[in-house]
file start_34.csv (CSV, C-alpha atoms and all ligand atoms)
chain,number,residue,atom,x,y,z
A,1,MET,CA,11.2,2.1,18.7
A,2,THR,CA,8.6,0.1,16.9
A,3,ILE,CA,9.1,-0.1,13.1
A,4,ALA,CA,6.2,-1.4,10.9
A,5,ILE,CA,6.3,-2.2,7.3
A,6,TYR,CA,3.3,-1.8,5.0
A,7,PRO,CA,4.0,-4.0,2.0
A,8,GLY,CA,1.8,-4.0,-1.2
A,9,SER,CA,1.6,-3.5,-4.9
A,10,PHE,CA,0.4,0.2,-4.7
A,11,ASP,CA,-0.3,0.1,-8.4
A,12,PRO,CA,-1.2,3.0,-7.9
A,13,ILE,CA,-1.5,4.2,-4.3
A,14,THR,CA,-5.1,5.2,-3.4
A,15,ASN,CA,-6.8,7.2,-0.7
A,16,GLY,CA,-7.6,3.9,1.0
A,17,HIS,CA,-3.8,3.1,1.3
A,18,ILE,CA,-3.3,6.7,2.6
A,19,ASP,CA,-5.8,6.2,5.4
A,20,ILE,CA,-4.0,3.0,6.5
A,21,ILE,CA,-0.6,4.7,6.4
A,22,LYS,CA,-1.9,7.7,8.4
A,23,SER,CA,-3.2,5.3,11.1
A,24,GLY,CA,0.0,3.4,11.0
A,25,THR,CA,2.1,6.5,11.6
A,26,GLU,CA,-0.1,7.4,14.6
A,27,ILE,CA,0.5,4.0,16.2
A,28,PHE,CA,4.1,3.1,15.3
A,29,ASP,CA,7.3,5.1,15.5
A,30,LYS,CA,8.1,4.5,11.8
A,31,VAL,CA,6.2,3.0,8.9
A,32,ILE,CA,8.1,1.7,5.9
A,33,ILE,CA,5.9,1.6,2.8
A,34,ALA,CA,7.4,-1.2,0.7
A,35,VAL,CA,6.4,-1.7,-3.0
A,36,SER,CA,6.7,-5.4,-3.8
A,37,LYS,CA,8.4,-6.4,-7.0
A,38,ASN,CA,6.3,-9.2,-8.3
A,39,ILE,CA,8.6,-11.5,-10.4
A,40,GLY,CA,7.0,-12.3,-13.8
A,41,LYS,CA,4.3,-9.7,-13.3
A,42,GLU,CA,5.0,-6.3,-14.8
A,43,GLY,CA,2.0,-4.4,-13.4
A,44,PHE,CA,0.4,-1.2,-14.6
A,45,LEU,CA,3.0,1.4,-13.5
A,46,PRO,CA,6.8,0.8,-13.3
A,47,ILE,CA,8.0,0.2,-9.7
A,48,ASP,CA,10.0,3.4,-9.6
A,49,THR,CA,7.0,5.5,-10.6
A,50,ARG,CA,4.9,3.8,-7.9
A,51,VAL,CA,7.6,4.6,-5.3
A,52,ASN,CA,7.8,8.3,-6.5
A,53,LEU,CA,4.0,8.8,-6.5
A,54,ILE,CA,3.9,7.4,-2.9
A,55,LYS,CA,6.7,9.8,-1.8
A,56,GLU,CA,4.9,12.8,-3.4
A,57,SER,CA,1.6,11.8,-1.9
A,58,LEU,CA,3.1,11.5,1.6
A,59,LYS,CA,5.4,14.4,1.6
A,60,ASP,CA,3.7,15.9,4.7
A,61,PHE,CA,4.3,12.7,6.8
A,62,GLU,CA,7.5,12.6,8.9
A,63,ASN,CA,7.9,9.1,10.3
A,64,ILE,CA,7.7,7.2,7.0
A,65,GLU,CA,10.1,5.7,4.4
A,66,VAL,CA,9.2,4.5,1.0
A,67,THR,CA,11.1,1.8,-0.9
A,68,SER,CA,10.7,-1.3,-3.0
A,69,TYR,CA,11.8,-4.9,-2.3
A,70,GLU,CA,11.9,-8.4,-3.8
A,71,GLY,CA,11.9,-11.7,-2.1
A,72,LEU,CA,10.0,-12.8,1.0
A,73,THR,CA,8.2,-10.0,2.9
A,74,VAL,CA,9.3,-11.4,6.2
A,75,ASP,CA,13.0,-11.3,5.1
A,76,PHE,CA,12.6,-7.7,4.1
A,77,ALA,CA,10.9,-6.9,7.4
A,78,LYS,CA,13.7,-8.6,9.4
A,79,ASN,CA,16.4,-6.6,7.4
A,80,CYS,CA,14.6,-3.4,8.2
A,81,GLY,CA,14.4,-4.2,11.9
A,82,ALA,CA,10.6,-4.2,11.6
A,83,LYS,CA,8.5,-6.3,14.1
A,84,VAL,CA,5.1,-5.4,12.6
A,85,LEU,CA,3.6,-6.0,9.2
A,86,ILE,CA,0.6,-3.8,8.4
A,87,ARG,CA,-2.1,-4.9,6.1
A,88,GLY,CA,-5.5,-3.4,5.3
A,89,LEU,CA,-9.0,-5.0,5.4
A,90,ARG,CA,-12.0,-4.0,3.4
A,91,ASN,CA,-14.3,-6.9,3.5
A,92,SER,CA,-14.6,-10.6,4.2
A,93,LEU,CA,-12.9,-11.5,0.9
A,94,ASP,CA,-9.8,-9.5,2.0
A,95,PHE,CA,-10.1,-11.2,5.4
A,96,GLU,CA,-9.9,-14.7,4.0
A,97,TYR,CA,-6.9,-13.9,1.9
A,98,GLU,CA,-5.1,-11.7,4.5
A,99,MET,CA,-5.6,-14.3,7.3
A,100,GLU,CA,-4.0,-17.0,5.2
A,101,MET,CA,-1.1,-14.6,4.3
A,102,ALA,CA,-0.7,-13.6,8.0
A,103,GLN,CA,-0.5,-17.2,9.1
A,104,THR,CA,1.9,-18.1,6.4
A,105,ASN,CA,4.2,-15.2,7.4
A,106,SER,CA,3.9,-16.2,11.0
A,107,ALA,CA,4.9,-19.7,10.2
A,108,LEU,CA,8.0,-18.3,8.3
A,109,CYS,CA,8.9,-15.9,11.1
A,110,CYS,CA,7.0,-15.9,14.4
A,111,ASP,CA,8.7,-12.7,15.6
A,112,ILE,CA,6.9,-10.5,13.0
A,113,LYS,CA,3.2,-9.8,13.9
A,114,THR,CA,0.6,-8.8,11.3
A,115,VAL,CA,-1.7,-5.9,12.3
A,116,PHE,CA,-4.8,-5.2,10.3
A,117,LEU,CA,-6.1,-1.7,9.9
A,118,THR,CA,-9.1,-0.3,8.0
A,119,ALA,CA,-9.6,2.9,5.9
A,120,LYS,CA,-12.2,5.6,6.5
A,121,PRO,CA,-15.7,4.4,5.5
A,122,GLU,CA,-15.7,6.7,2.5
A,123,HIS,CA,-12.5,5.1,1.2
A,124,ASN,CA,-13.2,1.5,2.2
A,125,TYR,CA,-14.4,0.4,-1.2
A,126,ILE,CA,-11.4,1.7,-3.1
A,127,SER,CA,-8.9,-0.6,-4.8
A,128,SER,CA,-6.0,0.0,-7.2
A,129,SER,CA,-7.6,-2.4,-9.7
A,130,ALA,CA,-10.8,-0.3,-9.7
A,131,VAL,CA,-8.8,2.9,-10.3
A,132,ARG,CA,-7.1,1.2,-13.3
A,133,GLU,CA,-10.3,0.0,-14.7
A,134,ILE,CA,-12.1,3.4,-14.3
A,135,LEU,CA,-9.1,5.2,-15.8
A,136,ILE,CA,-8.9,2.9,-18.9
A,137,ASN,CA,-12.6,3.6,-19.5
A,138,LYS,CA,-12.1,7.4,-19.0
A,139,GLY,CA,-14.1,7.6,-15.8
A,140,ASP,CA,-13.5,10.0,-12.9
A,141,ILE,CA,-10.8,8.9,-10.4
A,142,SER,CA,-10.5,12.2,-8.5
A,143,LYS,CA,-12.1,10.9,-5.3
A,144,LEU,CA,-10.1,7.7,-5.3
A,145,VAL,CA,-6.5,8.8,-5.5
A,146,PRO,CA,-4.2,11.5,-4.0
A,147,ASN,CA,-3.4,14.5,-6.2
A,148,PRO,CA,0.0,13.5,-7.4
A,149,VAL,CA,-1.5,10.2,-8.8
A,150,LEU,CA,-4.4,12.1,-10.4
A,151,GLU,CA,-1.9,14.6,-12.0
A,152,TYR,CA,0.3,11.8,-13.2
A,153,LEU,CA,-2.4,9.5,-14.6
A,154,VAL,CA,-4.9,12.1,-15.9
A,155,TYR,CA,-3.3,15.5,-16.6
A,156,ARG,CA,0.3,14.4,-17.6
A,157,LYS,CA,1.1,15.0,-21.2
A,201,LIG,P1,-1.4,-6.4,-2.6
A,201,LIG,O1,-1.2,-6.7,-4.1
A,201,LIG,O2,-0.3,-6.8,-1.7
A,201,LIG,O3,-2.8,-6.8,-2.1
A,201,LIG,P2,-2.4,-3.7,-2.6
A,201,LIG,O4,-1.6,-2.4,-3.0
A,201,LIG,O5,-3.6,-4.0,-3.5
A,201,LIG,O6,-1.3,-4.8,-2.6
A,201,LIG,O7,-2.9,-3.6,-1.1
A,201,LIG,C1,-2.0,-3.5,0.0
A,201,LIG,C2,-2.8,-3.7,1.3
A,201,LIG,O8,-3.7,-2.6,1.4
A,201,LIG,C3,-3.7,-4.9,1.3
A,201,LIG,O9,-3.6,-5.4,2.6
A,201,LIG,C4,-5.0,-4.4,1.0
A,201,LIG,O10,-6.1,-5.2,1.5
A,201,LIG,C5,-5.0,-3.0,1.6
A,201,LIG,N1,-5.9,-2.1,1.0
A,201,LIG,C6,-6.0,-1.6,-0.2
A,201,LIG,N2,-7.0,-0.8,-0.4
A,201,LIG,C7,-7.6,-0.6,0.8
A,201,LIG,C8,-8.7,0.1,1.2
A,201,LIG,N3,-9.4,0.9,0.4
A,201,LIG,N4,-9.1,0.0,2.5
A,201,LIG,C9,-8.4,-0.8,3.4
A,201,LIG,N5,-7.3,-1.6,3.0
A,201,LIG,C10,-6.9,-1.5,1.7
call {"tool": "encode", "arguments": {"input": "start_34.csv", "output": "structure tokens"}}
result
Amino acid sequence: MTIAIYPGSFDPITNGHIDIIKSGTEIFDKVIIAVSKNIGKEGFLPIDTRVNLIKESLKDFENIEVTSYEGLTVDFAKNCGAKVLIRGLRNSLDFEYEMEMAQTNSALCCDIKTVFLTAKPEHNYISSSAVREILINKGDISKLVPNPVLEYLVYRK
């Protein structure tokens, strides 16, 4: 059984992330979506809210698990029995950053392999930071995020 982890901030989860997760579940037996707790960086949404929004957005997926973690990603992966670390690529800027991260993680733990996946073309440009920026300026985020996130961020009272 090949377990993969998909670590990230997911602040909030977007349709781009969902595409990556869907592909991951088609390739691997189980995908663990892991929200990283960034020490000293509070973020936009609390960690538990991010985890709950991911769970609600992925309730039709069977071979997934959603959790949060702190510390080194490779240590978390090892504790989960994961041999694969999924990351997404949008453009060459992502590539530069992700390549460095993959090599660092490989130096820390050569047993864990990073696999890069891409979103559908129509979701490729989406980022959580753009969602936050558009939301703050009262723009339309309905094409960028799954329904539970839209409901939570826009329609919640
Ligand atoms: P991090 O803070 O770890 O970069 P993010 O939640 O922003 O966390 O992203 C997690 C991963 O998903 C990263 O590898 C990022 O490049 C990838 N990703 C985010 N949005 C997209 C998208 N629209 N298409 C492809 N990959 C994406």
call {"tool": "atom_distance", "arguments": {"input": "start_34.csv", "atom1": "atom CA of A:Lys59", "atom2": "atom CA of A:Ala130"}}
result
24.6 Å
call {"tool": "closest_atom_pairs", "arguments": {"input": "start_34.csv", "of": "chain A", "to": "ligand LIG 201 (chain A)", "cutoff": "10 Å", "atoms": "all atoms listed in the file", "output": "CSV"}}
result
residue,atom,partner,partner_atom,distance
A:Tyr6,CA,A:LIG201,C2,7.4
A:Pro7,CA,A:LIG201,O2,6.3
A:Gly8,CA,A:LIG201,O6,3.5
A:Ser9,CA,A:LIG201,O4,3.9
A:Phe10,CA,A:LIG201,O4,3.7
A:Asp11,CA,A:LIG201,O4,6.1
A:Pro12,CA,A:LIG201,O4,7.3
A:Ile13,CA,A:LIG201,O4,6.7
A:Thr14,CA,A:LIG201,N2,7.0
A:Asn15,CA,A:LIG201,N3,6.9
A:Gly16,CA,A:LIG201,N3,3.5
A:His17,CA,A:LIG201,N2,5.3
A:Ile18,CA,A:LIG201,C8,8.6
A:Asp19,CA,A:LIG201,N4,7.6
A:Ile20,CA,A:LIG201,C9,6.6
A:Ile21,CA,A:LIG201,O8,9.4
A:Ile33,CA,A:LIG201,C1,9.8
A:Ala34,CA,A:LIG201,C1,9.7
A:Val35,CA,A:LIG201,O4,8.0
A:Ser36,CA,A:LIG201,O2,7.4
A:Asn38,CA,A:LIG201,O1,9.0
A:Leu85,CA,A:LIG201,O9,9.8
A:Ile86,CA,A:LIG201,O9,7.3
A:Arg87,CA,A:LIG201,O9,3.8
A:Gly88,CA,A:LIG201,N5,3.4
A:Leu89,CA,A:LIG201,N5,4.5
A:Arg90,CA,A:LIG201,C9,4.8
A:Asn91,CA,A:LIG201,C9,8.5
A:Leu93,CA,A:LIG201,O10,9.3
A:Asp94,CA,A:LIG201,O10,5.7
A:Phe95,CA,A:LIG201,O10,8.2
A:Tyr97,CA,A:LIG201,O10,8.7
A:Glu98,CA,A:LIG201,O9,6.7
A:Met101,CA,A:LIG201,O9,9.7
A:Val115,CA,A:LIG201,O9,9.9
A:Phe116,CA,A:LIG201,O9,7.8
A:Leu117,CA,A:LIG201,C9,7.0
A:Thr118,CA,A:LIG201,C9,4.7
A:Ala119,CA,A:LIG201,N4,4.5
A:Lys120,CA,A:LIG201,N4,7.5
A:Pro121,CA,A:LIG201,N4,8.5
A:Glu122,CA,A:LIG201,N3,8.8
A:His123,CA,A:LIG201,N3,5.3
A:Asn124,CA,A:LIG201,N3,4.2
A:Tyr125,CA,A:LIG201,N3,5.3
A:Ile126,CA,A:LIG201,N3,4.1
A:Ser127,CA,A:LIG201,N2,4.8
A:Ser128,CA,A:LIG201,O5,6.0
A:Ser129,CA,A:LIG201,O5,7.5
A:Leu144,CA,A:LIG201,N3,8.9
call {"tool": "atom_distance", "arguments": {"input": "start_34.csv", "atom1": "atom CA of A:Ile27", "atom2": "atom CA of A:Thr49"}}
result
27.6 Å
call {"tool": "atom_distance", "arguments": {"input": "start_34.csv", "atom1": "atom CA of A:Ile32", "atom2": "atom CA of A:Asn105"}}
result
17.4 Å
call {"tool": "closest_residue", "arguments": {"input": "start_34.csv", "among": "A:Asn52, A:Ser57, A:Asn63, A:Asn137", "to": "A:Phe28", "atoms": "all atoms listed in the file"}}
result
A:Asn63
call {"tool": "closest_residue", "arguments": {"input": "start_34.csv", "among": "A:Cys109, A:Ile134, A:Val145, A:Val31", "to": "A:Ile3", "atoms": "only C-alpha atoms"}}
result
A:Val31
